[in-house]
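What's in my_file-v2.tsv: TSV, C-alpha atoms
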```tsv
chain	number	residue	atom	x	y	z
A	1	MET	CA	74.10	106.51	62.78
A	2	GLU	CA	77.81	105.66	63.01
A	3	ASN	CA	78.50	108.65	65.25
A	4	LYS	CA	75.64	107.62	67.54
A	5	LYS	CA	77.04	104.09	67.82
A	6	GLU	CA	80.49	105.49	68.58
A	7	SER	CA	79.09	107.80	71.23
A	8	LYS	CA	77.22	104.91	72.85
A	9	LEU	CA	80.40	102.83	72.87
A	10	VAL	CA	82.40	105.66	74.38
A	11	LYS	CA	79.66	106.22	76.97
A	12	ARG	CA	79.66	102.53	77.90
A	13	ILE	CA	83.44	102.54	78.30
A	14	LYS	CA	83.22	105.61	80.53
A	15	GLU	CA	80.55	103.96	82.68
A	16	ILE	CA	82.82	101.01	83.57
A	17	ILE	CA	85.91	103.11	84.34
A	18	PRO	CA	85.39	103.36	88.16
A	19	GLY	CA	85.34	99.54	88.36
A	20	ILE	CA	88.45	99.35	86.16
A	21	ILE	CA	90.27	101.78	88.46
A	22	ILE	CA	89.46	99.53	91.42
A	23	ALA	CA	90.78	96.50	89.48
A	24	ALA	CA	94.01	98.39	88.73
A	25	VAL	CA	94.42	99.41	92.39
A	26	VAL	CA	93.77	95.90	93.76
A	27	PHE	CA	95.96	94.08	91.23
A	28	GLY	CA	99.34	95.17	92.58
A	29	PRO	CA	102.74	93.43	92.79
A	30	SER	CA	101.93	91.67	96.09
A	31	LYS	CA	98.76	90.28	94.50
A	32	MET	CA	100.80	89.04	91.54
A	33	THR	CA	103.24	87.32	93.91
A	34	ILE	CA	100.51	85.54	95.87
A	35	THR	CA	98.72	84.47	92.66
A	36	SER	CA	101.96	83.26	91.05
A	37	LYS	CA	102.84	81.30	94.19
A	38	LEU	CA	99.45	79.58	94.20
A	39	GLY	CA	100.01	78.42	90.61
A	40	THR	CA	103.61	77.42	91.34
A	41	ASP	CA	102.82	75.38	94.45
A	42	TYR	CA	99.44	73.88	93.53
A	43	GLY	CA	99.20	74.01	89.74
A	44	TYR	CA	95.77	74.72	88.30
A	45	SER	CA	93.88	73.32	91.29
A	46	MET	CA	93.24	76.69	92.98
A	47	LEU	CA	91.63	78.52	90.05
A	48	TRP	CA	88.20	78.11	91.66
A	49	ILE	CA	89.08	80.54	94.48
A	50	VAL	CA	89.37	83.34	91.90
A	51	VAL	CA	85.65	82.92	91.15
A	52	VAL	CA	84.74	83.03	94.88
A	53	ALA	CA	86.85	86.11	95.60
A	54	ILE	CA	85.59	88.00	92.53
A	55	PHE	CA	81.97	87.16	93.36
A	56	PHE	CA	82.19	88.77	96.81
A	57	MET	CA	84.30	91.65	95.51
A	58	THR	CA	81.61	92.35	92.89
A	59	VAL	CA	78.81	92.26	95.50
A	60	PHE	CA	80.48	94.85	97.74
A	61	THR	CA	81.75	97.04	94.89
A	62	LYS	CA	78.23	97.27	93.44
A	63	MET	CA	76.95	98.03	96.94
A	64	ALA	CA	79.41	100.93	97.17
A	65	SER	CA	78.36	102.15	93.71
A	66	ARG	CA	74.74	102.40	94.85
A	67	ILE	CA	75.80	104.36	97.95
A	68	GLY	CA	77.74	106.76	95.73
A	69	ILE	CA	74.70	107.23	93.48
A	70	ALA	CA	72.13	107.51	96.28
A	71	LYS	CA	73.72	110.39	98.21
A	72	LYS	CA	75.83	113.49	97.60
A	73	GLU	CA	77.64	113.01	100.90
A	74	SER	CA	80.74	110.79	100.92
A	75	LEU	CA	80.60	107.32	102.47
A	76	LEU	CA	82.79	108.38	105.40
A	77	THR	CA	80.50	111.37	105.99
A	78	LEU	CA	77.47	109.05	106.06
A	79	ILE	CA	79.28	106.74	108.52
A	80	GLY	CA	80.13	109.77	110.68
A	81	GLN	CA	76.49	110.89	110.67
A	82	LYS	CA	75.27	107.40	111.55
A	83	TRP	CA	77.74	106.45	114.33
A	84	GLY	CA	79.71	109.58	115.14
A	85	LYS	CA	82.79	111.28	113.70
A	86	TRP	CA	85.11	108.93	115.60
A	87	ALA	CA	84.01	106.03	113.35
A	88	ALA	CA	84.87	108.00	110.19
A	89	ILE	CA	88.25	109.04	111.62
A	90	VAL	CA	89.14	105.45	112.61
A	91	ILE	CA	88.35	104.16	109.13
A	92	GLY	CA	90.05	107.07	107.32
A	93	VAL	CA	93.26	106.95	109.38
A	94	GLY	CA	93.29	103.14	109.26
A	95	ILE	CA	93.02	103.04	105.46
A	96	PHE	CA	95.80	105.64	105.19
A	97	LEU	CA	98.09	103.50	107.39
A	98	VAL	CA	97.38	100.37	105.35
A	99	ALA	CA	97.98	102.28	102.09
A	100	ALA	CA	101.25	103.71	103.47
A	101	SER	CA	102.40	100.24	104.53
A	102	PHE	CA	101.88	98.76	101.07
A	103	GLN	CA	103.02	101.77	99.04
A	104	ALA	CA	106.69	100.78	99.32
A	105	GLY	CA	105.98	97.39	97.75
A	106	ASN	CA	104.28	99.10	94.80
A	107	SER	CA	107.27	101.39	94.28
A	108	ILE	CA	109.66	98.45	94.49
A	109	GLY	CA	107.61	96.61	91.85
A	110	VAL	CA	107.94	99.57	89.45
A	111	GLY	CA	111.70	99.82	90.02
A	112	ILE	CA	112.42	96.11	89.65
A	113	SER	CA	110.25	95.61	86.54
A	114	ILE	CA	111.92	98.45	84.60
A	115	GLY	CA	115.36	97.78	86.09
A	116	GLU	CA	115.32	94.09	85.09
A	117	ALA	CA	114.04	94.86	81.59
A	118	THR	CA	116.69	97.53	80.94
A	119	GLY	CA	119.59	96.20	83.02
A	120	THR	CA	119.69	99.37	85.13
A	121	SER	CA	119.35	100.22	88.83
A	122	SER	CA	115.83	99.79	90.16
A	123	LYS	CA	116.22	102.77	92.52
A	124	ILE	CA	116.44	105.20	89.59
A	125	TRP	CA	113.07	104.04	88.29
A	126	VAL	CA	111.48	104.21	91.75
A	127	ILE	CA	112.42	107.90	91.85
A	128	VAL	CA	111.43	108.62	88.23
A	129	PHE	CA	107.96	107.07	88.35
A	130	ASN	CA	107.09	108.47	91.77
A	131	ILE	CA	108.05	111.93	90.49
A	132	ILE	CA	105.76	111.30	87.50
A	133	GLY	CA	102.98	110.22	89.88
A	134	VAL	CA	103.38	113.37	92.01
A	135	LEU	CA	103.51	115.63	88.93
A	136	LEU	CA	100.18	114.22	87.73
A	137	LEU	CA	98.60	115.68	90.86
A	138	PHE	CA	99.37	119.22	89.67
A	139	PHE	CA	97.04	118.88	86.68
A	140	ARG	CA	93.63	120.47	87.24
A	141	GLY	CA	91.72	117.53	85.76
A	142	PHE	CA	93.52	114.91	87.86
A	143	TYR	CA	90.56	112.53	87.92
A	144	LYS	CA	90.31	112.48	84.12
A	145	ILE	CA	94.05	111.84	83.90
A	146	LEU	CA	93.68	109.06	86.49
A	147	GLU	CA	90.97	107.43	84.38
A	148	LYS	CA	93.06	107.51	81.21
A	149	LEU	CA	96.17	106.26	83.02
A	150	MET	CA	94.35	103.34	84.63
A	151	LEU	CA	92.71	102.38	81.33
A	152	LEU	CA	96.12	102.39	79.64
A	153	LEU	CA	97.77	100.34	82.40
A	154	ILE	CA	94.92	97.81	82.56
A	155	PHE	CA	95.11	97.40	78.77
A	156	MET	CA	98.89	96.99	79.04
A	157	MET	CA	98.53	94.34	81.77
A	158	LEU	CA	95.77	92.43	80.00
A	159	LEU	CA	97.57	92.39	76.66
A	160	SER	CA	100.91	91.30	78.14
A	161	PHE	CA	99.35	88.54	80.27
A	162	ILE	CA	97.10	87.25	77.47
A	163	ILE	CA	100.05	87.03	75.05
A	164	THR	CA	102.14	85.36	77.78
A	165	VAL	CA	99.50	82.69	78.39
A	166	PHE	CA	99.36	81.95	74.65
A	167	VAL	CA	103.16	81.63	74.65
A	168	VAL	CA	103.21	79.10	77.51
A	169	ASN	CA	100.28	77.22	75.89
A	170	PRO	CA	98.51	75.53	78.85
A	171	LYS	CA	96.16	72.58	78.32
A	172	ALA	CA	92.48	73.58	78.29
A	173	GLU	CA	91.38	70.46	80.19
A	174	ASP	CA	93.80	71.25	83.05
A	175	ILE	CA	92.42	74.78	83.32
A	176	ILE	CA	88.80	73.53	83.38
A	177	GLN	CA	89.67	71.00	86.09
A	178	GLY	CA	91.10	73.83	88.21
A	179	PHE	CA	87.63	75.32	88.67
A	180	VAL	CA	86.49	72.22	90.57
A	181	PRO	CA	86.80	73.14	94.29
A	182	SER	CA	89.61	71.41	96.17
A	183	LEU	CA	91.93	72.35	99.01
A	184	PRO	CA	95.37	70.72	98.73
A	185	GLU	CA	97.28	70.07	101.94
A	186	GLY	CA	99.17	73.14	103.14
A	187	SER	CA	97.29	75.56	100.89
A	188	VAL	CA	95.12	77.27	103.51
A	189	GLY	CA	97.60	80.07	104.29
A	190	LEU	CA	97.96	81.06	100.65
A	191	VAL	CA	94.21	80.80	100.05
A	192	ILE	CA	93.60	83.18	102.96
A	193	ALA	CA	96.25	85.59	101.63
A	194	PHE	CA	94.70	85.51	98.15
A	195	MET	CA	91.15	86.03	99.43
A	196	ALA	CA	92.27	88.93	101.63
A	197	SER	CA	94.06	90.63	98.70
A	198	CYS	CA	91.49	89.96	95.96
A	199	PHE	CA	88.35	90.50	98.05
A	200	SER	CA	89.56	94.00	98.96
A	201	ILE	CA	86.90	95.70	101.05
A	202	VAL	CA	88.97	98.92	101.00
A	203	GLY	CA	88.93	98.84	97.19
A	204	ALA	CA	85.17	98.27	97.19
A	205	PHE	CA	84.74	101.14	99.68
A	206	TYR	CA	86.62	103.52	97.36
A	207	GLN	CA	84.20	102.73	94.51
A	208	ALA	CA	81.62	105.01	96.16
A	209	TYR	CA	84.08	107.91	95.92
A	210	LEU	CA	84.93	107.24	92.27
A	211	VAL	CA	81.23	107.19	91.32
A	212	GLN	CA	80.68	110.48	93.15
A	213	GLU	CA	83.80	112.01	91.60
A	214	ARG	CA	82.32	111.50	88.15
A	215	LYS	CA	79.06	113.11	89.28
A	216	LYS	CA	80.85	116.10	90.83
A	217	ILE	CA	82.82	116.97	87.71
A	218	GLY	CA	79.82	116.49	85.41
A	219	MET	CA	80.94	113.23	83.75
A	220	GLU	CA	77.78	111.31	84.61
A	221	ASP	CA	74.52	112.03	82.77
A	222	GLU	CA	72.47	109.28	84.38
A	223	PRO	CA	73.29	106.99	87.28
A	224	VAL	CA	74.07	103.48	86.03
A	225	ILE	CA	74.38	101.11	88.96
A	226	ASP	CA	75.96	98.03	87.43
A	227	LYS	CA	79.14	99.67	86.18
A	228	SER	CA	81.73	97.87	88.32
A	229	THR	CA	81.16	94.28	87.15
A	230	THR	CA	83.38	94.58	84.06
A	231	GLY	CA	86.28	95.84	86.17
A	232	MET	CA	85.89	92.94	88.60
A	233	ILE	CA	85.80	90.43	85.72
A	234	ILE	CA	89.05	91.94	84.42
A	235	LEU	CA	90.55	91.62	87.91
A	236	GLY	CA	89.55	87.93	88.00
A	237	LEU	CA	90.80	87.32	84.47
A	238	MET	CA	94.24	88.76	85.23
A	239	SER	CA	94.47	86.74	88.45
A	240	ALA	CA	93.52	83.52	86.64
A	241	ILE	CA	95.98	84.15	83.78
A	242	VAL	CA	98.92	84.77	86.13
A	243	MET	CA	98.03	81.61	88.09
A	244	VAL	CA	97.77	79.58	84.88
A	245	CYS	CA	101.17	80.86	83.66
A	246	ALA	CA	102.81	79.91	86.96
A	247	ALA	CA	101.06	76.52	86.96
A	248	THR	CA	102.25	75.81	83.40
A	249	VAL	CA	105.84	77.08	83.67
A	250	LEU	CA	106.94	76.70	87.31
A	251	HIS	CA	104.77	73.98	88.89
A	252	PRO	CA	106.11	71.07	86.77
A	253	LYS	CA	109.69	72.04	87.69
A	254	GLY	CA	109.01	72.24	91.44
A	255	VAL	CA	110.40	75.79	91.54
A	256	LYS	CA	110.07	77.69	94.82
A	257	LEU	CA	108.75	81.15	94.01
A	258	THR	CA	109.46	84.07	96.34
A	259	SER	CA	108.35	87.02	94.16
A	260	ALA	CA	106.66	87.79	90.84
A	261	MET	CA	110.17	88.40	89.43
A	262	ASP	CA	110.89	84.65	89.65
A	263	MET	CA	108.14	84.13	87.10
A	264	ALA	CA	109.76	86.54	84.63
A	265	LYS	CA	113.18	84.90	85.11
A	266	ALA	CA	111.72	81.43	84.53
A	267	LEU	CA	110.07	82.47	81.26
A	268	GLU	CA	113.29	83.66	79.60
A	269	PRO	CA	115.25	80.36	79.27
A	270	LEU	CA	112.10	78.49	78.23
A	271	PHE	CA	110.44	80.91	75.82
A	272	GLY	CA	113.06	83.59	75.13
A	273	HIS	CA	113.81	87.14	76.21
A	274	TYR	CA	110.59	88.61	74.77
A	275	ALA	CA	108.40	86.34	76.93
A	276	SER	CA	110.22	87.62	80.00
A	277	ILE	CA	109.85	91.24	78.85
A	278	LEU	CA	106.11	90.71	78.29
A	279	PHE	CA	105.63	89.54	81.87
A	280	LEU	CA	107.76	92.45	83.16
A	281	ILE	CA	105.48	94.86	81.26
A	282	GLY	CA	102.53	93.34	83.10
A	283	LEU	CA	104.38	93.64	86.42
A	284	PHE	CA	105.16	97.31	85.67
A	285	GLY	CA	101.49	97.98	84.85
A	286	ALA	CA	100.37	96.31	88.09
A	287	SER	CA	102.95	98.23	90.13
A	288	PHE	CA	102.56	101.73	88.68
A	289	SER	CA	98.76	101.55	88.71
A	290	SER	CA	98.97	100.68	92.41
A	291	VAL	CA	101.55	103.43	93.09
A	292	VAL	CA	99.07	106.06	91.87
A	293	GLY	CA	95.82	104.28	92.77
A	294	ASN	CA	96.80	103.09	96.26
A	295	ALA	CA	98.07	106.57	97.15
A	296	SER	CA	94.83	108.10	95.85
A	297	VAL	CA	92.77	105.77	98.05
A	298	GLY	CA	94.81	106.46	101.20
A	299	GLY	CA	95.06	110.22	100.64
A	300	THR	CA	91.35	110.59	99.81
A	301	MET	CA	90.22	108.61	102.87
A	302	LEU	CA	92.47	110.50	105.28
A	303	GLY	CA	91.47	113.84	103.74
A	304	ASP	CA	87.80	112.99	104.13
A	305	ALA	CA	88.30	111.80	107.72
A	306	LEU	CA	90.09	115.05	108.60
A	307	GLY	CA	87.29	117.15	107.14
A	308	TYR	CA	88.97	118.16	103.85
A	309	GLY	CA	86.35	116.30	101.81
A	310	GLY	CA	86.78	113.25	99.66
A	311	LYS	CA	87.33	115.13	96.40
A	312	LEU	CA	90.38	114.57	94.21
A	313	GLN	CA	90.11	118.24	93.18
A	314	SER	CA	90.92	119.27	96.77
A	315	ALA	CA	94.49	120.63	97.10
A	316	LYS	CA	94.81	119.20	100.63
A	317	VAL	CA	93.74	115.74	99.46
A	318	ARG	CA	96.32	115.90	96.67
A	319	VAL	CA	99.02	116.85	99.18
A	320	LEU	CA	98.13	113.76	101.24
A	321	ILE	CA	98.29	111.60	98.09
A	322	ALA	CA	101.74	113.06	97.28
A	323	ILE	CA	102.91	112.38	100.87
A	324	LEU	CA	101.91	108.72	100.49
A	325	MET	CA	103.89	108.42	97.25
A	326	ILE	CA	106.94	110.03	98.87
A	327	ILE	CA	106.69	107.72	101.89
A	328	GLY	CA	106.57	104.65	99.62
A	329	ALA	CA	109.45	105.81	97.42
A	330	THR	CA	111.62	106.69	100.43
A	331	ILE	CA	111.15	103.29	102.05
A	332	ALA	CA	111.78	101.54	98.71
A	333	ILE	CA	115.05	103.44	98.18
A	334	ILE	CA	116.36	103.06	101.74
A	335	PHE	CA	115.47	99.40	102.34
A	336	GLY	CA	115.21	98.01	98.79
A	337	LYS	CA	112.39	95.77	100.00
A	338	LEU	CA	109.29	96.01	102.16
A	339	PRO	CA	110.44	95.89	105.84
A	340	LEU	CA	108.87	93.14	107.93
A	341	GLU	CA	107.68	95.69	110.50
A	342	LEU	CA	105.58	97.44	107.85
A	343	ILE	CA	104.06	94.16	106.69
A	344	VAL	CA	103.11	93.33	110.29
A	345	LEU	CA	101.68	96.85	110.77
A	346	ALA	CA	99.60	96.57	107.59
A	347	GLN	CA	98.32	93.14	108.55
A	348	SER	CA	97.55	94.19	112.12
A	349	VAL	CA	95.60	97.29	111.06
A	350	THR	CA	93.80	95.35	108.33
A	351	ILE	CA	92.80	92.54	110.69
A	352	PHE	CA	90.73	94.80	112.90
A	353	LEU	CA	89.72	97.41	110.33
A	354	VAL	CA	88.42	95.35	107.38
A	355	PRO	CA	85.45	93.65	109.13
A	356	PHE	CA	84.49	97.01	110.65
A	357	ILE	CA	84.54	98.67	107.19
A	358	GLY	CA	82.53	95.82	105.66
A	359	ILE	CA	79.86	95.93	108.38
A	360	ALA	CA	79.63	99.75	108.24
A	361	MET	CA	79.18	99.73	104.45
A	362	PHE	CA	76.62	96.90	104.66
A	363	LEU	CA	74.53	98.75	107.28
A	364	VAL	CA	74.64	102.04	105.35
A	365	ALA	CA	73.51	100.20	102.19
A	366	ASN	CA	70.54	98.79	104.15
A	367	ASP	CA	69.45	102.12	105.66
A	368	LYS	CA	66.23	103.08	103.85
A	369	ASN	CA	66.55	106.73	104.95
A	370	ILE	CA	69.94	106.98	103.28
A	371	MET	CA	69.52	104.71	100.28
A	372	GLY	CA	65.87	105.06	99.27
A	373	GLN	CA	65.31	103.02	96.10
A	374	TYR	CA	69.00	101.97	96.05
A	375	LYS	CA	68.73	99.98	99.28
A	376	ASN	CA	70.15	96.44	99.18
A	377	GLY	CA	67.94	93.72	97.76
A	378	LYS	CA	67.51	90.22	99.19
A	379	PHE	CA	70.19	88.57	97.03
A	380	THR	CA	72.72	91.30	97.85
A	381	ASN	CA	71.97	90.97	101.56
A	382	ILE	CA	72.39	87.19	101.58
A	383	SER	CA	75.61	87.49	99.56
A	384	GLY	CA	76.75	90.38	101.74
A	385	VAL	CA	76.28	88.43	104.97
A	386	LEU	CA	78.27	85.53	103.52
A	387	GLY	CA	80.97	88.01	102.49
A	388	LEU	CA	81.07	89.49	106.00
A	389	LEU	CA	81.43	86.00	107.47
A	390	LEU	CA	84.32	85.40	105.09
A	391	LEU	CA	85.95	88.67	106.20
A	392	ALA	CA	85.51	87.64	109.85
A	393	PHE	CA	87.12	84.26	109.10
A	394	LEU	CA	90.05	85.95	107.36
A	395	ALA	CA	90.48	88.30	110.33
A	396	ILE	CA	90.42	85.45	112.88
A	397	SER	CA	92.89	83.46	110.76
A	398	ASN	CA	95.25	86.44	110.62
A	399	VAL	CA	95.00	86.99	114.38
A	400	TYR	CA	95.94	83.34	114.89
A	401	ASP	CA	98.88	83.54	112.48
A	402	LEU	CA	100.25	86.83	113.85
A	403	PHE	CA	99.69	86.57	117.59
A	404	ILE	CA	98.99	82.94	118.57
A	405	LYS	CA	100.70	80.52	116.18
```
Would you mind writing the file out in structure tokens?
Amino acid sequence: MENKKESKLVKRIKEIIPGIIIAAVVFGPSKMTITSKLGTDYGYSMLWIVVVAIFFMTVFTKMASRIGIAKKESLLTLIGQKWGKWAAIVIGVGIFLVAASFQAGNSIGVGISIGEATGTSSKIWVIVFNIIGVLLLFFRGFYKILEKLMLLLIFMMLLSFIITVFVVNPKAEDIIQGFVPSLPEGSVGLVIAFMASCFSIVGAFYQAYLVQERKKIGMEDEPVIDKSTTGMIILGLMSAIVMVCAATVLHPKGVKLTSAMDMAKALEPLFGHYASILFLIGLFGASFSSVVGNASVGGTMLGDALGYGGKLQSAKVRVLIAILMIIGATIAIIFGKLPLELIVLAQSVTIFLVPFIGIAMFLVANDKNIMGQYKNGKFTNISGVLGLLLLAFLAISNVYDLFIK
């Protein structure tokens, strides 16, 4: 009986891994910075937006899971069949460009977190951990290694953030009050940035590939649709904890935060060196998981768009993933920070690409010929339309900020 219970537990853990990988990919250093800044500038009052973002992220991630279960063909292949190969190429190349633009920031996060903790040069660690990331690609069972790595890094992040929040000891009533919707003056820009980073349609899109990857390598006995929710809850929990820590430590002091590193530096004089190290461990986990995960997303999408298939076992796909890691590491070493031009490129591509991806995924999920019994239900469609409207609003807001304001 005990062995059966253990096997059921192990099976349940394996079922939620694709959603956990998405959480690890989405929760990168830039996400930590935005979340920390929200807590620093507005205290606990913006906690409610975590719930909104995670709700829509869950809707679209579950939608992608059903697409991955319903068909053997990849999501980009289905889009190509439905609207022509040009649509698949636009999405694949666009996602690769966005991933390349943000990869440098992930590498910088790895370097700074280890460098600050050890008092050494961050550039050394950028090189070391990108080499480790590339070497992982040479293993035959790369997907299984990716699963184990992401589980380890998520556990590392969760543990470090949970201990940190106990150290700073926020008041429960302040946290509860933060879930009452409000919009403080001047907060709209940060709210838009948070929604755009947490409600990651690209991350949701990749869920279909992760579900299919498990099927292809024989890791899935039966299709279980609702396997991404746990990962999204973890994503929301980490976001809320980081915001609470910033609201407790930095907001009362009126500190102006420019990066997640400011949070680690603020913890040390107040709570000691170990509190700072704990937060740096979380930052490392967020950064390294995004170094590997973000590159996997970009390389897989471009490989699929170019006709190499969306399989992590494909040698050509792995080469593209390695190229993305090398690009990110090179930029991180040369510039030491993410160049403004790359940020503008990423934002510009994202502005026009994200609504297109969301609409394409929504229409595929509603195609009876493709989806059969896994077609969207009424609740998912209503929620999906609201999510698409939110994506359109975020896109229009970004156009205004970049080109009109």
Length of the atom CA of Trp48 of chain A to atom CA of Asn106 of chain A vector [Å]: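 Taking atom CA of Trp48 of chain A and atom CA of Asn106 of chain A, their separation equals 26.6 Å.
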Write out, as a tab-separated table, each residue of segment 278-340 of chain A that has an atom at most 12 Å from segment 233-255 of chain A, together with the closest pair of atoms and their distance in Å to one decimal, counting all atoms listed in the file, rows going by chain and rising number.
```
residue	atom	partner	partner_atom	distance
A:Phe279	CA	A:Val242	CA	9.3
A:Gly282	CA	A:Met238	CA	9.7
A:Leu283	CA	A:Val242	CA	10.4
A:Gly285	CA	A:Met238	CA	11.7
A:Ala286	CA	A:Met238	CA	10.1
```
If the box runs along x, y and z of the file and leaves 4 Å on each side of segment 385-398 of chain A, what are its centre and edge lengths in Å, one decimal, as AutoDock Vina command-line options?
```
--center_x 85.8 --center_y 86.5 --center_z 107.7 --size_x 27.0 --size_y 14.0 --size_z 18.4
```
Of the listed residues A:Gly328, A:Gly372, A:Gly43, A:Gly19, that which approaches Pro184 of chain A most closely, counting all atoms listed in the file: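 Among the listed residues, the smallest separation from Pro184 of chain A belongs to A:Gly43.
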Separation of atom CA of Gly309 of chain A from atom CA of Thr77 of chain A, in Å and rounded to one decimal: 8.7 Å
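The environment of Tyr274 of chain A within 12 Å, counting all atoms listed in the file and disregarding residues fewer than 2 places along the same chain, consists of Ala117, Ser160, Ile163, Thr164, Val167, Ala264, Lys265, Leu267, Glu268, Pro269, Leu270, Phe271, Gly272, Ser276, Ile277, Leu278, Phe279, Leu280 and Ile281 of chain A.
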Just the selected residues (C-alpha atoms), exported as a PDB file, in the frame of the given file, please.
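Saved as selection.pdb:
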```pdb
ATOM      1  CA  ALA A 117     114.040  94.860  81.590  1.00  0.00           C
ATOM      2  CA  SER A 160     100.910  91.300  78.140  1.00  0.00           C
ATOM      3  CA  ILE A 163     100.050  87.030  75.050  1.00  0.00           C
ATOM      4  CA  THR A 164     102.140  85.360  77.780  1.00  0.00           C
ATOM      5  CA  VAL A 167     103.160  81.630  74.650  1.00  0.00           C
ATOM      6  CA  ALA A 264     109.760  86.540  84.630  1.00  0.00           C
ATOM      7  CA  LYS A 265     113.180  84.900  85.110  1.00  0.00           C
ATOM      8  CA  LEU A 267     110.070  82.470  81.260  1.00  0.00           C
ATOM      9  CA  GLU A 268     113.290  83.660  79.600  1.00  0.00           C
ATOM     10  CA  PRO A 269     115.250  80.360  79.270  1.00  0.00           C
ATOM     11  CA  LEU A 270     112.100  78.490  78.230  1.00  0.00           C
ATOM     12  CA  PHE A 271     110.440  80.910  75.820  1.00  0.00           C
ATOM     13  CA  GLY A 272     113.060  83.590  75.130  1.00  0.00           C
ATOM     14  CA  SER A 276     110.220  87.620  80.000  1.00  0.00           C
ATOM     15  CA  ILE A 277     109.850  91.240  78.850  1.00  0.00           C
ATOM     16  CA  LEU A 278     106.110  90.710  78.290  1.00  0.00           C
ATOM     17  CA  PHE A 279     105.630  89.540  81.870  1.00  0.00           C
ATOM     18  CA  LEU A 280     107.760  92.450  83.160  1.00  0.00           C
ATOM     19  CA  ILE A 281     105.480  94.860  81.260  1.00  0.00           C
TER      20      ILE A 281
END
```
Considering all atoms listed in the file, return as a PDB file with C-alpha atoms, in the frame of the given file whatever protein or nucleic-acid residues lie within 12 Å of Lys378 of chain A, sequence-local ones (same chain, fewer than 6 positions apart) excluded.
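Dumped everything to out-v2.pdb:
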```
ATOM      1  CA  ASN A 366      70.540  98.790 104.150  1.00  0.00           C
ATOM      2  CA  GLY A 384      76.750  90.380 101.740  1.00  0.00           C
ATOM      3  CA  VAL A 385      76.280  88.430 104.970  1.00  0.00           C
TER       4      VAL A 385
END
```
Neighbour list for Val59 of chain A as a ChimeraX atom specification, cut-off 10 Å, only C-alpha atoms, skip fewer than 4 positions in-chain: /A:54-55,63-64,204,228-229,232,379-381,383-384,387
All residues 12 Å or closer to segment 138-141 of chain A, all atoms listed in the file, same chain fewer than 2 positions away omitted, as a PyMOL selection string: chain A and resi 131-136+143-148+213-214+217-219+311-319+321-322
Best match for closeness to Tyr209 of chain A among A:Ser289, A:Ser113, A:Asn294, A:Ser65, counting all atoms listed in the file: A:Ser65
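Going from atom CA of Leu76 of chain A over to atom CA of Val364 of chain A, you cover 10.3 Å.
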Among the residues A:Phe205, A:Phe352, A:Phe288, A:Tyr42, the one that comes closest to Ile112 of chain A [using only C-alpha atoms]: A:Phe288
For segment 388-396 of chain A: contacts at 12 Å, all atoms listed in the file, fewer than 5 positions along chain excluded, given as a PyMOL selection string: chain A and resi 52-53+56-57+59-60+188-202+347-363+380-383+401-405
Selected residue, from A:Asn169, A:Ser296, A:Thr35, A:Gln177, that lies nearest to Leu210 of chain A when counting only C-alpha atoms: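 Among the listed residues, A:Ser296 lies closest to Leu210 of chain A.
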